[in-house]
Amino acid sequence: MEKKLAAALDRDDAAEDAGMHPDNRETCHTHQCWAHECADHPMHTRPSAAR
Ligand SMILES: [Zn+2]
């Protein structure tokens with residue numbers, strides 16, 4: 001995993017813990033990648049199954 005991505009994941013995790021809405025993440029905690037890279041994953045295209 002690239003360092004920049006790892007740092008962004010940490011930052012998003014912390015921000016979400018602090019109350020940020022998950023939709024505002026720039027990374028995906030589930031897939032450990034940038035949010036746009038898995039935006040068309042079935043888990044994300046069917047929000048009811050997301051969590
Ligand atoms: Zn994802």
# chains A, B, ... in the order shown; residues from 1 in each chain; ligands from 1
>>> residues_near_ligand(ligand="ligand 1", cutoff="12 Å", atoms="only C-alpha atoms and all ligand atoms", output="list in words")
Leu9, Pro22, Asp23, Arg25, Glu26, Thr27, Cys28, His29, Thr30, His31, Gln32, Cys33, Trp34, Ala35, His36, Glu37, Cys38, Ala39, Asp40, His41, Pro42, Met43, His44, Thr45, Arg46, Pro47, Ala50 and Arg51 of chain A
>>> write_last_selection(atoms="C-alpha atoms", output="mmCIF file, in the first residue's frame")
data_model
loop_
_atom_site.group_PDB
_atom_site.id
_atom_site.type_symbol
_atom_site.label_atom_id
_atom_site.label_comp_id
_atom_site.auth_asym_id
_atom_site.auth_seq_id
_atom_site.Cartn_x
_atom_site.Cartn_y
_atom_site.Cartn_z
ATOM 1 C CA LEU A 9 -6.941 5.985 5.535
ATOM 2 C CA PRO A 22 -18.747 8.174 5.766
ATOM 3 C CA ASP A 23 -19.756 9.595 2.374
ATOM 4 C CA ARG A 25 -14.276 9.825 3.108
ATOM 5 C CA GLU A 26 -11.713 9.995 0.327
ATOM 6 C CA THR A 27 -10.648 6.429 1.081
ATOM 7 C CA CYS A 28 -12.519 3.152 1.568
ATOM 8 C CA HIS A 29 -11.918 1.470 4.919
ATOM 9 C CA THR A 30 -13.422 -1.807 3.692
ATOM 10 C CA HIS A 31 -11.262 -2.134 0.609
ATOM 11 C CA GLN A 32 -8.259 -0.168 1.900
ATOM 12 C CA CYS A 33 -8.111 1.877 -1.292
ATOM 13 C CA TRP A 34 -9.102 5.297 -2.606
ATOM 14 C CA ALA A 35 -12.885 5.730 -2.549
ATOM 15 C CA HIS A 36 -13.104 6.320 -6.288
ATOM 16 C CA GLU A 37 -11.282 3.053 -7.001
ATOM 17 C CA CYS A 38 -14.064 0.896 -5.610
ATOM 18 C CA ALA A 39 -17.041 3.231 -6.116
ATOM 19 C CA ASP A 40 -18.631 0.759 -8.537
ATOM 20 C CA HIS A 41 -18.184 -2.199 -6.193
ATOM 21 C CA PRO A 42 -21.597 -3.869 -5.579
ATOM 22 C CA MET A 43 -21.238 -3.183 -1.879
ATOM 23 C CA HIS A 44 -21.163 0.553 -2.589
ATOM 24 C CA THR A 45 -23.685 0.655 -5.440
ATOM 25 C CA ARG A 46 -26.210 -1.045 -3.130
ATOM 26 C CA PRO A 47 -26.045 1.173 -0.031
ATOM 27 C CA ALA A 50 -22.964 -1.456 2.822
ATOM 28 C CA ARG A 51 -23.229 -1.680 6.578
#
>>> select_by_dssp(residues="chain A", states="helix (DSSP H, G or I)", output="NGL selection string")
:A and (3-17 or 22-24 or 35-38 or 42-45 or 47-49)
>>> select_by_dssp(residues="chain A", states="strand (DSSP E or B)", output="ChimeraX atom specification")
/A:27-28,33-34
>>> atom_distance(atom1="CA of Glu2 in chain A", atom2="CA of Gly19 in chain A")
26.0 Å
>>> decode(residues="range 15-38 of chain A", atoms="N, CA and C atoms", output="short mmCIF file (atom, residue, chain, number, x, y, z; two decimals), in the first residue's frame")
data_model
loop_
_atom_site.label_atom_id
_atom_site.label_comp_id
_atom_site.auth_asym_id
_atom_site.auth_seq_id
_atom_site.Cartn_x
_atom_site.Cartn_y
_atom_site.Cartn_z
N ALA A 15 -11.28 11.01 11.30
CA ALA A 15 -12.33 11.99 11.02
C ALA A 15 -13.71 11.38 11.21
N GLU A 16 -13.86 10.13 10.77
CA GLU A 16 -15.16 9.47 10.91
C GLU A 16 -15.47 9.23 12.38
N ASP A 17 -14.47 8.83 13.15
CA ASP A 17 -14.65 8.68 14.60
C ASP A 17 -15.10 9.99 15.22
N ALA A 18 -14.62 11.11 14.63
CA ALA A 18 -14.93 12.42 15.17
C ALA A 18 -16.28 12.94 14.67
N GLY A 19 -16.97 12.14 13.84
CA GLY A 19 -18.31 12.51 13.44
C GLY A 19 -18.51 12.82 11.96
N MET A 20 -17.43 12.71 11.17
CA MET A 20 -17.59 12.96 9.74
C MET A 20 -18.46 11.88 9.11
N HIS A 21 -19.32 12.28 8.16
CA HIS A 21 -20.16 11.30 7.48
C HIS A 21 -19.30 10.41 6.59
N PRO A 22 -19.55 9.10 6.58
CA PRO A 22 -18.75 8.17 5.77
C PRO A 22 -18.69 8.56 4.29
N ASP A 23 -19.75 9.19 3.79
CA ASP A 23 -19.76 9.59 2.37
C ASP A 23 -18.66 10.61 2.07
N ASN A 24 -18.16 11.27 3.09
CA ASN A 24 -17.15 12.30 2.87
C ASN A 24 -15.73 11.75 2.92
N ARG A 25 -15.61 10.44 3.12
CA ARG A 25 -14.28 9.83 3.11
C ARG A 25 -13.67 9.92 1.71
N GLU A 26 -12.36 10.08 1.63
CA GLU A 26 -11.71 10.00 0.33
C GLU A 26 -11.06 8.62 0.13
N THR A 27 -11.16 7.80 1.17
CA THR A 27 -10.65 6.43 1.08
C THR A 27 -11.74 5.46 1.51
N CYS A 28 -11.57 4.18 1.16
CA CYS A 28 -12.52 3.15 1.57
C CYS A 28 -11.88 2.27 2.63
N HIS A 29 -12.46 2.27 3.83
CA HIS A 29 -11.92 1.47 4.92
C HIS A 29 -12.05 -0.02 4.61
N THR A 30 -13.17 -0.40 3.98
CA THR A 30 -13.42 -1.81 3.69
C THR A 30 -12.41 -2.38 2.72
N HIS A 31 -12.14 -1.63 1.66
CA HIS A 31 -11.26 -2.13 0.61
C HIS A 31 -9.83 -1.61 0.73
N GLN A 32 -9.60 -0.72 1.70
CA GLN A 32 -8.26 -0.17 1.90
C GLN A 32 -7.71 0.42 0.60
N CYS A 33 -8.54 1.24 -0.05
CA CYS A 33 -8.11 1.88 -1.29
C CYS A 33 -8.77 3.25 -1.37
N TRP A 34 -8.44 4.02 -2.42
CA TRP A 34 -9.10 5.30 -2.61
C TRP A 34 -10.58 5.06 -2.91
N ALA A 35 -11.43 5.92 -2.42
CA ALA A 35 -12.88 5.73 -2.55
C ALA A 35 -13.30 5.59 -4.01
N HIS A 36 -12.68 6.37 -4.89
CA HIS A 36 -13.10 6.32 -6.29
C HIS A 36 -12.72 5.01 -6.96
N GLU A 37 -11.75 4.28 -6.37
CA GLU A 37 -11.28 3.05 -7.00
C GLU A 37 -12.25 1.89 -6.81
N CYS A 38 -13.12 2.00 -5.84
CA CYS A 38 -14.06 0.90 -5.61
C CYS A 38 -15.49 1.41 -5.58
#
